[in-house]
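Colleague: So here's model-v6.json (JSON, C-alpha atoms).
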```
[["chain", "number", "residue", "atom", "x", "y", "z"],
["A", 1, "MET", "CA", 107.06, 146.02, 68.56],
["A", 2, "SER", "CA", 110.38, 146.81, 66.98],
["A", 3, "GLU", "CA", 111.81, 150.25, 67.05],
["A", 4, "PRO", "CA", 111.95, 151.98, 63.67],
["A", 5, "ALA", "CA", 115.45, 152.07, 62.28],
["A", 6, "PRO", "CA", 117.21, 155.26, 63.29],
["A", 7, "PRO", "CA", 117.81, 157.66, 60.44],
["A", 8, "VAL", "CA", 121.29, 157.75, 59.00],
["A", 9, "ALA", "CA", 121.86, 161.22, 60.27],
["A", 10, "GLU", "CA", 119.75, 163.62, 62.20],
["A", 11, "LEU", "CA", 118.68, 166.34, 59.85],
["A", 12, "THR", "CA", 116.90, 169.57, 60.56],
["A", 13, "LEU", "CA", 114.57, 171.00, 57.99],
["A", 14, "ARG", "CA", 115.15, 174.69, 58.04],
["A", 15, "ARG", "CA", 112.87, 176.80, 55.96],
["A", 16, "ARG", "CA", 114.60, 179.91, 54.83],
["A", 17, "LEU", "CA", 112.64, 183.08, 55.00],
["A", 18, "PRO", "CA", 111.15, 184.12, 51.69],
["A", 19, "PRO", "CA", 113.23, 186.66, 49.80],
["A", 20, "ARG", "CA", 112.37, 190.08, 51.04],
["A", 21, "LEU", "CA", 110.68, 192.42, 48.71],
["A", 22, "PRO", "CA", 110.44, 196.16, 49.12],
["A", 23, "ARG", "CA", 109.69, 197.32, 52.58],
["A", 24, "ARG", "CA", 108.38, 200.81, 52.69],
["A", 25, "ARG", "CA", 105.74, 202.38, 54.86],
["A", 26, "GLY", "CA", 103.02, 201.35, 52.51],
["A", 27, "ASP", "CA", 104.01, 197.69, 52.24],
["A", 28, "VAL", "CA", 102.12, 195.25, 54.39],
["A", 29, "TYR", "CA", 103.20, 191.62, 54.49],
["A", 30, "VAL", "CA", 100.30, 189.52, 55.66],
["A", 31, "ASN", "CA", 100.97, 186.31, 57.58],
["A", 32, "MET", "CA", 98.93, 183.68, 59.32],
["A", 33, "LYS", "CA", 100.46, 184.14, 62.75],
["A", 34, "THR", "CA", 99.35, 187.66, 63.53],
["A", 35, "ASP", "CA", 95.76, 188.26, 64.50],
["A", 36, "PHE", "CA", 93.55, 189.11, 61.54],
["A", 37, "LYS", "CA", 92.04, 192.16, 63.22],
["A", 38, "ALA", "CA", 95.44, 193.56, 64.08],
["A", 39, "GLN", "CA", 96.59, 193.30, 60.49],
["A", 40, "LEU", "CA", 93.38, 194.85, 59.23],
["A", 41, "SER", "CA", 93.56, 197.78, 61.63],
["A", 42, "ARG", "CA", 97.19, 198.32, 60.72],
["A", 43, "CYS", "CA", 96.15, 198.78, 57.09],
["A", 44, "GLN", "CA", 93.28, 201.03, 58.12],
["A", 45, "LYS", "CA", 95.64, 203.21, 60.11],
["A", 46, "LEU", "CA", 98.06, 203.50, 57.20],
["A", 47, "LEU", "CA", 95.30, 204.57, 54.85],
["A", 48, "GLY", "CA", 93.41, 206.70, 57.33],
["A", 49, "PRO", "CA", 94.04, 210.35, 58.19],
["A", 50, "GLY", "CA", 97.51, 210.78, 59.62],
["A", 51, "GLY", "CA", 98.60, 207.43, 58.28],
["A", 52, "GLY", "CA", 100.61, 209.14, 55.60],
["A", 53, "CYS", "CA", 99.86, 206.68, 52.81],
["A", 54, "THR", "CA", 97.75, 207.38, 49.78],
["A", 55, "GLU", "CA", 98.12, 203.80, 48.70],
["A", 56, "ILE", "CA", 99.32, 200.62, 50.30],
["A", 57, "CYS", "CA", 100.44, 197.30, 48.91],
["A", 58, "ILE", "CA", 99.28, 194.13, 50.64],
["A", 59, "HIS", "CA", 101.43, 191.06, 50.03],
["A", 60, "GLY", "CA", 100.36, 187.51, 50.78],
["A", 61, "LEU", "CA", 102.27, 184.29, 50.19],
["A", 62, "GLY", "CA", 100.79, 180.80, 49.99],
["A", 63, "LEU", "CA", 98.16, 180.23, 52.65],
["A", 64, "ALA", "CA", 98.20, 183.93, 53.51],
["A", 65, "ILE", "CA", 96.86, 184.82, 50.04],
["A", 66, "ASN", "CA", 93.35, 184.27, 51.31],
["A", 67, "ARG", "CA", 93.92, 186.54, 54.23],
["A", 68, "ALA", "CA", 95.49, 189.22, 52.04],
["A", 69, "ILE", "CA", 92.42, 189.21, 49.79],
["A", 70, "ASN", "CA", 90.15, 189.26, 52.80],
["A", 71, "ILE", "CA", 91.93, 192.27, 54.29],
["A", 72, "ALA", "CA", 91.83, 194.12, 50.98],
["A", 73, "LEU", "CA", 88.12, 193.44, 50.53],
["A", 74, "GLN", "CA", 87.39, 194.45, 54.12],
["A", 75, "LEU", "CA", 89.24, 197.72, 53.56],
["A", 76, "GLN", "CA", 87.27, 198.31, 50.40],
["A", 77, "ALA", "CA", 83.97, 197.53, 52.10],
["A", 78, "GLY", "CA", 84.81, 199.91, 54.94],
["A", 79, "GLY", "CA", 86.07, 202.61, 52.61],
["A", 80, "ALA", "CA", 82.64, 203.69, 51.37],
["A", 81, "GLY", "CA", 83.59, 203.30, 47.73],
["A", 82, "ALA", "CA", 86.71, 205.43, 48.02],
["A", 83, "LEU", "CA", 89.18, 202.59, 47.58],
["A", 84, "ARG", "CA", 90.11, 200.56, 44.55],
["A", 85, "LEU", "CA", 92.00, 197.29, 44.40],
["A", 86, "ALA", "CA", 94.52, 196.16, 41.82],
["A", 87, "ALA", "CA", 95.71, 192.62, 42.34],
["A", 88, "ASN", "CA", 98.80, 191.06, 40.79],
["A", 89, "THR", "CA", 100.03, 187.51, 41.15],
["A", 90, "SER", "CA", 103.54, 186.13, 41.11],
["A", 91, "THR", "CA", 105.66, 183.12, 41.91],
["A", 92, "VAL", "CA", 108.13, 183.23, 44.77],
["A", 93, "GLU", "CA", 111.04, 180.84, 44.95],
["A", 94, "LEU", "CA", 111.59, 179.45, 48.41],
["A", 95, "ALA", "CA", 114.56, 177.50, 49.66],
["A", 96, "ASP", "CA", 114.47, 174.70, 52.19],
["A", 97, "VAL", "CA", 117.72, 173.52, 53.67],
["A", 98, "LEU", "CA", 118.34, 170.17, 55.32],
["A", 99, "GLU", "CA", 121.17, 170.59, 57.76],
["A", 100, "ALA", "CA", 122.96, 167.85, 59.60],
["A", 101, "GLN", "CA", 122.74, 168.46, 63.31],
["A", 102, "SER", "CA", 126.32, 167.48, 63.87],
["A", 103, "ASP", "CA", 128.10, 169.89, 61.63],
["A", 104, "GLU", "CA", 131.48, 168.20, 61.80],
["A", 105, "ASP", "CA", 131.45, 165.88, 58.81],
["A", 106, "GLY", "CA", 131.50, 168.83, 56.47],
["A", 107, "HIS", "CA", 128.74, 167.65, 54.18],
["A", 108, "PRO", "CA", 127.19, 170.50, 52.31],
["A", 109, "PRO", "CA", 123.60, 171.01, 53.50],
["A", 110, "LEU", "CA", 120.95, 169.53, 51.26],
["A", 111, "ALA", "CA", 119.01, 172.30, 49.63],
["A", 112, "ARG", "CA", 115.74, 172.22, 47.78],
["A", 113, "ALA", "CA", 114.08, 175.04, 45.97],
["A", 114, "ARG", "CA", 110.33, 175.13, 45.55],
["A", 115, "ASN", "CA", 107.86, 177.62, 44.27],
["A", 116, "ASN", "CA", 104.88, 179.14, 45.96],
["A", 117, "SER", "CA", 102.26, 181.51, 44.69],
["A", 118, "ALA", "CA", 101.89, 185.03, 45.96],
["A", 119, "ILE", "CA", 99.52, 187.94, 45.59],
["A", 120, "HIS", "CA", 100.19, 191.66, 45.74],
["A", 121, "ILE", "CA", 97.16, 193.88, 46.10],
["A", 122, "ARG", "CA", 97.52, 197.60, 45.61],
["A", 123, "VAL", "CA", 94.87, 199.52, 47.53],
["A", 124, "CYS", "CA", 94.53, 203.11, 46.40],
["A", 125, "ARG", "CA", 92.04, 205.93, 46.56],
["A", 126, "VAL", "CA", 89.81, 206.49, 43.57],
["A", 127, "SER", "CA", 90.77, 210.14, 43.26],
["A", 128, "PRO", "CA", 94.05, 211.16, 44.84],
["A", 129, "PRO", "CA", 93.60, 213.95, 47.37],
["A", 130, "PRO", "CA", 94.54, 217.38, 45.96],
["B", 1, "MET", "CA", 75.44, 174.88, 66.64],
["B", 2, "GLU", "CA", 76.77, 171.52, 67.64],
["B", 3, "ASN", "CA", 73.38, 169.96, 67.07],
["B", 4, "PHE", "CA", 73.38, 171.07, 63.49],
["B", 5, "ARG", "CA", 75.03, 169.49, 60.51],
["B", 6, "LYS", "CA", 75.64, 170.99, 57.15],
["B", 7, "VAL", "CA", 73.42, 169.38, 54.54],
["B", 8, "LYS", "CA", 73.98, 171.57, 51.52],
["B", 9, "THR", "CA", 76.33, 174.25, 50.25],
["B", 10, "SER", "CA", 75.56, 176.18, 47.13],
["B", 11, "GLU", "CA", 77.31, 179.03, 45.44],
["B", 12, "GLU", "CA", 75.46, 182.08, 44.42],
["B", 13, "ASP", "CA", 75.84, 182.57, 40.70],
["B", 14, "SER", "CA", 77.64, 185.72, 39.78],
["B", 15, "PRO", "CA", 78.74, 186.78, 36.32],
["B", 16, "LEU", "CA", 82.44, 186.92, 35.60],
["B", 17, "PRO", "CA", 83.90, 190.34, 36.40],
["B", 18, "PHE", "CA", 85.23, 190.75, 32.87],
["B", 19, "PRO", "CA", 83.08, 192.60, 30.37],
["B", 20, "ASP", "CA", 83.25, 191.80, 26.67],
["B", 21, "LEU", "CA", 84.54, 188.25, 26.89],
["B", 22, "PRO", "CA", 83.99, 186.26, 23.73],
["B", 23, "PRO", "CA", 81.13, 183.77, 24.04],
["B", 24, "GLY", "CA", 82.20, 180.26, 24.91],
["B", 25, "VAL", "CA", 85.37, 181.31, 26.70],
["B", 26, "VAL", "CA", 86.78, 178.47, 28.81],
["B", 27, "GLU", "CA", 86.25, 179.03, 32.53],
["B", 28, "MET", "CA", 88.25, 176.78, 34.80],
["B", 29, "LYS", "CA", 86.41, 176.57, 38.11],
["B", 30, "VAL", "CA", 89.09, 175.50, 40.53],
["B", 31, "LYS", "CA", 87.83, 173.68, 43.62],
["B", 32, "GLU", "CA", 89.57, 172.74, 46.82],
["B", 33, "GLY", "CA", 89.99, 169.12, 45.76],
["B", 34, "SER", "CA", 90.85, 169.73, 42.11],
["B", 35, "LYS", "CA", 94.08, 168.16, 40.98],
["B", 36, "ILE", "CA", 96.44, 170.62, 39.34],
["B", 37, "ARG", "CA", 97.51, 168.05, 36.75],
["B", 38, "ASN", "CA", 93.89, 167.47, 35.71],
["B", 39, "LEU", "CA", 93.15, 171.19, 35.49],
["B", 40, "MET", "CA", 96.34, 171.97, 33.62],
["B", 41, "GLY", "CA", 95.94, 168.98, 31.27],
["B", 42, "PHE", "CA", 92.61, 170.33, 30.12],
["B", 43, "ALA", "CA", 93.49, 174.01, 30.18],
["B", 44, "MET", "CA", 96.80, 173.64, 28.34],
["B", 45, "ALA", "CA", 95.19, 171.52, 25.62],
["B", 46, "ARG", "CA", 92.58, 174.22, 25.07],
["B", 47, "MET", "CA", 95.08, 177.08, 25.11],
["B", 48, "GLU", "CA", 97.31, 175.33, 22.61],
["B", 49, "LEU", "CA", 94.54, 175.52, 20.04],
["B", 50, "LYS", "CA", 95.04, 178.54, 17.83],
["B", 51, "GLY", "CA", 91.41, 179.59, 18.09],
["B", 52, "THR", "CA", 91.51, 179.93, 21.88],
["B", 53, "ARG", "CA", 92.62, 183.45, 22.72],
["B", 54, "GLN", "CA", 91.56, 183.69, 26.36],
["B", 55, "ILE", "CA", 90.95, 181.57, 29.41],
["B", 56, "VAL", "CA", 89.52, 182.36, 32.84],
["B", 57, "PHE", "CA", 90.51, 180.71, 36.12],
["B", 58, "SER", "CA", 88.28, 181.22, 39.12],
["B", 59, "GLY", "CA", 88.26, 179.85, 42.63],
["B", 60, "CYS", "CA", 87.06, 180.77, 46.08],
["B", 61, "GLY", "CA", 87.95, 180.05, 49.67],
["B", 62, "ARG", "CA", 90.66, 177.49, 50.06],
["B", 63, "ALA", "CA", 90.94, 177.06, 46.29],
["B", 64, "VAL", "CA", 92.31, 180.58, 45.77],
["B", 65, "THR", "CA", 95.95, 179.57, 46.16],
["B", 66, "LYS", "CA", 95.50, 176.68, 43.75],
["B", 67, "THR", "CA", 93.87, 179.00, 41.24],
["B", 68, "ILE", "CA", 96.87, 181.35, 41.33],
["B", 69, "THR", "CA", 99.26, 178.41, 41.07],
["B", 70, "CYS", "CA", 97.50, 177.17, 37.92],
["B", 71, "VAL", "CA", 97.74, 180.64, 36.38],
["B", 72, "GLU", "CA", 101.41, 180.94, 37.28],
["B", 73, "ILE", "CA", 102.16, 177.54, 35.75],
["B", 74, "MET", "CA", 100.34, 178.44, 32.56],
["B", 75, "LYS", "CA", 102.11, 181.79, 32.28],
["B", 76, "ARG", "CA", 105.48, 180.11, 32.68],
["B", 77, "LYS", "CA", 104.70, 177.38, 30.15],
["B", 78, "LEU", "CA", 103.13, 179.51, 27.45],
["B", 79, "GLY", "CA", 104.67, 182.93, 27.94],
["B", 80, "GLY", "CA", 103.48, 186.20, 26.48],
["B", 81, "LEU", "CA", 100.14, 186.11, 28.26],
["B", 82, "HIS", "CA", 98.38, 189.26, 29.43],
["B", 83, "GLN", "CA", 96.60, 189.00, 32.75],
["B", 84, "VAL", "CA", 93.84, 190.73, 34.65],
["B", 85, "THR", "CA", 93.19, 189.70, 38.25],
["B", 86, "LYS", "CA", 89.97, 190.51, 40.12],
["B", 87, "VAL", "CA", 89.23, 189.77, 43.75],
["B", 88, "ARG", "CA", 85.80, 189.90, 45.34],
["B", 89, "TYR", "CA", 83.59, 188.18, 47.84],
["B", 90, "LYS", "CA", 81.57, 185.21, 46.82],
["B", 91, "THR", "CA", 78.41, 184.42, 48.75],
["B", 92, "LEU", "CA", 77.98, 180.81, 49.80],
["B", 93, "LEU", "CA", 74.58, 179.58, 50.91],
["B", 94, "GLU", "CA", 74.79, 176.88, 53.53],
["B", 95, "VAL", "CA", 71.83, 174.91, 54.77],
["B", 96, "TRP", "CA", 72.22, 173.42, 58.24],
["B", 97, "GLU", "CA", 69.82, 170.86, 59.63],
["B", 98, "ASN", "CA", 69.08, 170.24, 63.31],
["B", 99, "LYS", "CA", 69.99, 166.67, 64.19],
["B", 100, "ASP", "CA", 67.40, 166.52, 66.97],
["B", 101, "PRO", "CA", 63.98, 166.75, 65.39],
["B", 102, "GLN", "CA", 61.55, 169.19, 66.93],
["B", 103, "PRO", "CA", 58.90, 167.78, 69.30],
["B", 104, "ASP", "CA", 56.31, 168.01, 66.55],
["B", 105, "GLY", "CA", 58.50, 166.01, 64.16],
["B", 106, "ARG", "CA", 59.50, 168.91, 61.97],
["B", 107, "VAL", "CA", 63.10, 169.28, 60.84],
["B", 108, "GLU", "CA", 64.59, 172.62, 61.68],
["B", 109, "ASN", "CA", 66.68, 174.19, 58.94],
["B", 110, "LEU", "CA", 69.03, 177.13, 59.10],
["B", 111, "THR", "CA", 70.30, 178.98, 56.08],
["B", 112, "VAL", "CA", 73.61, 180.73, 56.47],
["B", 113, "HIS", "CA", 75.06, 183.27, 54.06],
["B", 114, "LYS", "CA", 78.81, 183.15, 54.07],
["B", 115, "ASN", "CA", 81.16, 185.56, 52.32],
["B", 116, "VAL", "CA", 84.40, 183.97, 51.20],
["B", 117, "PRO", "CA", 87.22, 185.64, 49.26],
["B", 118, "SER", "CA", 87.31, 184.63, 45.64],
["B", 119, "ILE", "CA", 89.59, 185.34, 42.72],
["B", 120, "CYS", "CA", 89.02, 185.49, 38.97],
["B", 121, "ILE", "CA", 91.97, 185.66, 36.62],
["B", 122, "LEU", "CA", 91.77, 186.30, 32.90],
["B", 123, "LEU", "CA", 94.70, 185.21, 30.76],
["B", 124, "SER", "CA", 94.80, 186.44, 27.19],
["B", 125, "LYS", "CA", 97.07, 185.92, 24.21],
["B", 126, "ASP", "CA", 95.88, 189.26, 22.85],
["B", 127, "PRO", "CA", 96.76, 192.55, 24.55],
["B", 128, "LEU", "CA", 94.36, 193.79, 27.21],
["B", 129, "ASP", "CA", 93.64, 197.30, 28.48],
["B", 130, "PRO", "CA", 96.65, 198.28, 30.62],
["B", 131, "SER", "CA", 94.61, 200.82, 32.57],
["B", 132, "GLU", "CA", 92.29, 198.09, 33.85],
["B", 133, "MET", "CA", 92.61, 197.57, 37.62],
["B", 134, "GLY", "CA", 94.62, 194.43, 38.22],
["B", 135, "TYR", "CA", 96.28, 194.33, 34.80],
["B", 136, "GLN", "CA", 99.63, 192.60, 34.52],
["B", 137, "PRO", "CA", 101.75, 192.60, 31.34],
["B", 138, "PRO", "CA", 103.49, 189.41, 30.18],
["B", 139, "GLU", "CA", 106.70, 188.47, 31.98],
["B", 140, "PRO", "CA", 107.05, 191.30, 34.43],
["B", 141, "ARG", "CA", 109.60, 189.19, 36.37],
["B", 142, "ASP", "CA", 111.31, 191.97, 38.30],
["B", 143, "GLY", "CA", 109.11, 194.54, 36.64],
["B", 144, "LEU", "CA", 106.50, 194.09, 39.32],
["B", 145, "TRP", "CA", 108.98, 195.58, 41.72],
["B", 146, "ALA", "CA", 111.10, 197.71, 39.43],
["B", 147, "GLU", "CA", 108.28, 200.18, 38.86],
["B", 148, "LYS", "CA", 108.15, 200.98, 42.56],
["B", 149, "GLY", "CA", 111.81, 201.94, 43.01],
["B", 150, "GLY", "CA", 113.89, 201.77, 46.11],
["B", 151, "ILE", "CA", 114.38, 198.05, 45.86],
["B", 152, "GLU", "CA", 118.10, 197.86, 45.83],
["B", 153, "GLU", "CA", 118.69, 199.54, 49.14],
["B", 154, "ASP", "CA", 115.86, 197.57, 50.68],
["B", 155, "ARG", "CA", 117.30, 194.34, 49.43],
["B", 156, "LEU", "CA", 120.76, 195.21, 50.66],
["B", 157, "SER", "CA", 119.58, 196.11, 54.10],
["B", 158, "SER", "CA", 117.38, 193.08, 54.44],
["B", 159, "CYS", "CA", 119.57, 190.33, 53.03],
["B", 160, "SER", "CA", 121.04, 189.63, 56.41],
["B", 161, "GLN", "CA", 117.59, 188.79, 57.69],
["B", 162, "GLY", "CA", 116.85, 185.15, 58.20],
["B", 163, "VAL", "CA", 120.48, 184.26, 58.67],
["B", 164, "LYS", "CA", 121.28, 183.56, 62.26],
["B", 165, "ARG", "CA", 124.22, 185.56, 63.49],
["B", 166, "PRO", "CA", 126.05, 184.64, 66.63],
["B", 167, "LEU", "CA", 125.45, 186.95, 69.51],
["B", 168, "ALA", "CA", 128.19, 189.43, 70.11],
["B", 169, "PRO", "CA", 130.16, 188.45, 73.18],
["B", 170, "PRO", "CA", 129.45, 190.65, 76.17],
["B", 171, "HIS", "CA", 132.14, 193.14, 76.99]]
```
Just give me the structure of the file as structure tokens.

Modeller:
Amino acid sequence: MSEPAPPVAELTLRRRLPPRLPRRRGDVYVNMKTDFKAQLSRCQKLLGPGGGCTEICIHGLGLAINRAINIALQLQAGGAGALRLAANTSTVELADVLEAQSDEDGHPPLARARNNSAIHIRVCRVSPPP
Amino acid sequence: MENFRKVKTSEEDSPLPFPDLPPGVVEMKVKEGSKIRNLMGFAMARMELKGTRQIVFSGCGRAVTKTITCVEIMKRKLGGLHQVTKVRYKTLLEVWENKDPQPDGRVENLTVHKNVPSICILLSKDPLDPSEMGYQPPEPRDGLWAEKGGIEEDRLSSCSQGVKRPLAPPH
């Protein structure tokens, strides 16, 4: 058994955070780390009495698209026909950066841009409250 | 459940959520294992024909992301496409079979109804009704966000996120 050749330089793949989009009370960014129920109840609270939102916008990126749709549909199912969904899709540019672990040689970090799909679902009441 | 194995999965047929589609409209049913290059090869060839005005992409479960990706690629390549997106649940019927046969030799079957998120996207070269829920005009680019307002300040305040800053030295 021979050892695999060591890589030329140790590199770290650092995934930059996706560019941040608006962040207001009514914006919910869905991810795959937080518990599904917690994210759902957060949306329910925002839309419910005292939540202060007549409409919310649920954003999902990549794998979280499914969860965003699921949350929106669960809200609609629990809303007794009072909620409507308007979904939009978009492409988000993400940047990955390969950084050398020893930062002395002054090489610029290797960067790579890639695209991922995203969904934005507006959840609003059928008739706005007077 | 561990004694059961899935023997069959079938989708419940549901009509497309778009009324007044022309007959014979191309529907791309995106599956989990579909290759994007195969889907796009076919879809682009059909959309490049002058007679094709509309195309529908649909997918459920783990194919939803791929469905959106196909649509985004097509929008970027062709441009000027109007879009309507619909999300809903799709019911999957799964038949599970007990691996240990019953004492009397019968095979025990279970039928499971599963609701999975699904997406249907209509792309059209001709204008669509802008008041339709889920309508998106061609090339919104920043427009998707511009209509909401308050972006600039949000962007300014959040651009430092994701960049690691050194901790301030203790005093």

Colleague: List every residue of chain A that has an atom at most 12 Å from any atom of chain B, giving for each one its closest atom pair and the distance in Å to one decimal, counting only C-alpha atoms, sorted by chain and then by ascending residue number, as JSON lines.

Modeller:
```
{"residue": "A:Arg14", "atom": "CA", "partner": "B:Gly162", "partner_atom": "CA", "distance": 10.6}
{"residue": "A:Arg15", "atom": "CA", "partner": "B:Gly162", "partner_atom": "CA", "distance": 9.5}
{"residue": "A:Arg16", "atom": "CA", "partner": "B:Gly162", "partner_atom": "CA", "distance": 6.6}
{"residue": "A:Leu17", "atom": "CA", "partner": "B:Gly162", "partner_atom": "CA", "distance": 5.7}
{"residue": "A:Pro18", "atom": "CA", "partner": "B:Gly162", "partner_atom": "CA", "distance": 8.7}
{"residue": "A:Pro19", "atom": "CA", "partner": "B:Cys159", "partner_atom": "CA", "distance": 8.0}
{"residue": "A:Arg20", "atom": "CA", "partner": "B:Arg155", "partner_atom": "CA", "distance": 6.7}
{"residue": "A:Leu21", "atom": "CA", "partner": "B:Arg155", "partner_atom": "CA", "distance": 6.9}
{"residue": "A:Pro22", "atom": "CA", "partner": "B:Ile151", "partner_atom": "CA", "distance": 5.5}
{"residue": "A:Arg23", "atom": "CA", "partner": "B:Asp154", "partner_atom": "CA", "distance": 6.5}
{"residue": "A:Arg24", "atom": "CA", "partner": "B:Asp154", "partner_atom": "CA", "distance": 8.4}
{"residue": "A:Arg25", "atom": "CA", "partner": "B:Asp154", "partner_atom": "CA", "distance": 12.0}
{"residue": "A:Gly26", "atom": "CA", "partner": "B:Lys148", "partner_atom": "CA", "distance": 11.2}
{"residue": "A:Asp27", "atom": "CA", "partner": "B:Lys148", "partner_atom": "CA", "distance": 11.0}
{"residue": "A:Ile56", "atom": "CA", "partner": "B:Lys148", "partner_atom": "CA", "distance": 11.7}
{"residue": "A:Cys57", "atom": "CA", "partner": "B:Lys148", "partner_atom": "CA", "distance": 10.6}
{"residue": "A:Gly60", "atom": "CA", "partner": "B:Thr65", "partner_atom": "CA", "distance": 10.2}
{"residue": "A:Leu61", "atom": "CA", "partner": "B:Thr65", "partner_atom": "CA", "distance": 8.9}
{"residue": "A:Gly62", "atom": "CA", "partner": "B:Thr65", "partner_atom": "CA", "distance": 6.3}
{"residue": "A:Leu63", "atom": "CA", "partner": "B:Thr65", "partner_atom": "CA", "distance": 6.9}
{"residue": "A:Ala64", "atom": "CA", "partner": "B:Thr65", "partner_atom": "CA", "distance": 8.8}
{"residue": "A:Ile65", "atom": "CA", "partner": "B:Thr65", "partner_atom": "CA", "distance": 6.6}
{"residue": "A:Asn66", "atom": "CA", "partner": "B:Pro117", "partner_atom": "CA", "distance": 6.6}
{"residue": "A:Arg67", "atom": "CA", "partner": "B:Pro117", "partner_atom": "CA", "distance": 8.4}
{"residue": "A:Ala68", "atom": "CA", "partner": "B:Pro117", "partner_atom": "CA", "distance": 9.4}
{"residue": "A:Ile69", "atom": "CA", "partner": "B:Pro117", "partner_atom": "CA", "distance": 6.3}
{"residue": "A:Asn70", "atom": "CA", "partner": "B:Pro117", "partner_atom": "CA", "distance": 5.8}
{"residue": "A:Ile71", "atom": "CA", "partner": "B:Pro117", "partner_atom": "CA", "distance": 9.6}
{"residue": "A:Ala72", "atom": "CA", "partner": "B:Val87", "partner_atom": "CA", "distance": 8.8}
{"residue": "A:Leu73", "atom": "CA", "partner": "B:Arg88", "partner_atom": "CA", "distance": 6.7}
{"residue": "A:Gln74", "atom": "CA", "partner": "B:Tyr89", "partner_atom": "CA", "distance": 9.7}
{"residue": "A:Leu75", "atom": "CA", "partner": "B:Arg88", "partner_atom": "CA", "distance": 11.9}
{"residue": "A:Gln76", "atom": "CA", "partner": "B:Arg88", "partner_atom": "CA", "distance": 9.9}
{"residue": "A:Ala77", "atom": "CA", "partner": "B:Tyr89", "partner_atom": "CA", "distance": 10.3}
{"residue": "A:Leu83", "atom": "CA", "partner": "B:Met133", "partner_atom": "CA", "distance": 11.7}
{"residue": "A:Arg84", "atom": "CA", "partner": "B:Met133", "partner_atom": "CA", "distance": 8.0}
{"residue": "A:Leu85", "atom": "CA", "partner": "B:Met133", "partner_atom": "CA", "distance": 6.8}
{"residue": "A:Ala86", "atom": "CA", "partner": "B:Gly134", "partner_atom": "CA", "distance": 4.0}
{"residue": "A:Ala87", "atom": "CA", "partner": "B:Gly134", "partner_atom": "CA", "distance": 4.6}
{"residue": "A:Asn88", "atom": "CA", "partner": "B:Gly134", "partner_atom": "CA", "distance": 6.0}
{"residue": "A:Thr89", "atom": "CA", "partner": "B:Ile68", "partner_atom": "CA", "distance": 6.9}
{"residue": "A:Ser90", "atom": "CA", "partner": "B:Glu72", "partner_atom": "CA", "distance": 6.8}
{"residue": "A:Thr91", "atom": "CA", "partner": "B:Glu72", "partner_atom": "CA", "distance": 6.7}
{"residue": "A:Val92", "atom": "CA", "partner": "B:Glu72", "partner_atom": "CA", "distance": 10.3}
{"residue": "A:Ala95", "atom": "CA", "partner": "B:Gly162", "partner_atom": "CA", "distance": 11.7}
{"residue": "A:Asn115", "atom": "CA", "partner": "B:Thr69", "partner_atom": "CA", "distance": 9.2}
{"residue": "A:Asn116", "atom": "CA", "partner": "B:Thr69", "partner_atom": "CA", "distance": 7.5}
{"residue": "A:Ser117", "atom": "CA", "partner": "B:Thr69", "partner_atom": "CA", "distance": 5.6}
{"residue": "A:Ala118", "atom": "CA", "partner": "B:Ile68", "partner_atom": "CA", "distance": 7.8}
{"residue": "A:Ile119", "atom": "CA", "partner": "B:Ile68", "partner_atom": "CA", "distance": 8.3}
{"residue": "A:His120", "atom": "CA", "partner": "B:Leu144", "partner_atom": "CA", "distance": 9.3}
{"residue": "A:Ile121", "atom": "CA", "partner": "B:Gly134", "partner_atom": "CA", "distance": 8.3}
{"residue": "A:Arg122", "atom": "CA", "partner": "B:Gly134", "partner_atom": "CA", "distance": 8.5}
{"residue": "A:Val123", "atom": "CA", "partner": "B:Met133", "partner_atom": "CA", "distance": 10.3}
{"residue": "A:Cys124", "atom": "CA", "partner": "B:Met133", "partner_atom": "CA", "distance": 10.6}
{"residue": "A:Val126", "atom": "CA", "partner": "B:Met133", "partner_atom": "CA", "distance": 11.1}
```

Colleague: Please compute the CA of Gln54 (chain B)-CA of Leu81 (chain B) distance, one decimal, in Å.

Modeller: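 Calculated distance between CA of Gln54 (chain B) and CA of Leu81 (chain B) is 9.1 Å.
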
Colleague: Fewer than 6 positions away in the same chain doesn't count, so skip those; otherwise give me all residues within 9 Å of Lys114 (chain B), counting all atoms listed in the file, as a list of chain:residue names.

Modeller: B:Lys90, B:Thr91, B:Leu92, B:Leu93, B:Glu94

Colleague: Could you check how far CA of Leu110 (chain B) sits from CA of Asp13 (chain B), in Å to one decimal?

Modeller: 20.4 Å

Colleague: Set the distance at 10 Å and use only C-alpha atoms: which residues neighbour Leu47 (chain A) once local chain neighbours fewer than 2 positions away are removed? I'd like the list as a list in words.

Modeller: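 Neighbouring residues, sequence-local ones excluded: Gly26, Ser41, Arg42, Cys43, Gln44, Lys45, Pro49, Gly50, Gly51, Gly52, Cys53, Thr54, Glu55, Ile56, Leu75, Gly79, Leu83, Val123, Cys124 and Arg125 of chain A.
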
Colleague: Could you name the residues that touch region 37-51 of chain B at 10 Å or less, counting all atoms listed in the file, but leaving out those on the same chain fewer than 5 positions away, as a list of chain:residue names?

Modeller: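 What passes the distance filter is B:Val26, B:Glu27, B:Met28, B:Lys29, B:Val30, B:Val56, B:Phe57, B:Thr67, B:Cys70, B:Val71, B:Ile73, B:Met74, B:Lys77, B:Leu78, B:Leu123, B:Ser124, B:Lys125.
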
Colleague: Quick check, in Å to one decimal: how far apart do CA of Pro137 (chain B) and CA of Thr52 (chain B) lie?

Modeller: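 Computed distance, CA of Pro137 (chain B) to CA of Thr52 (chain B), equals 18.8 Å.
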
Colleague: For Arg114 (chain A), work out the shell of residues within 8 Å, counting only C-alpha atoms and skipping chain neighbours fewer than 4 positions away, then give it as a ChimeraX atom specification.

Modeller: /A:93-96
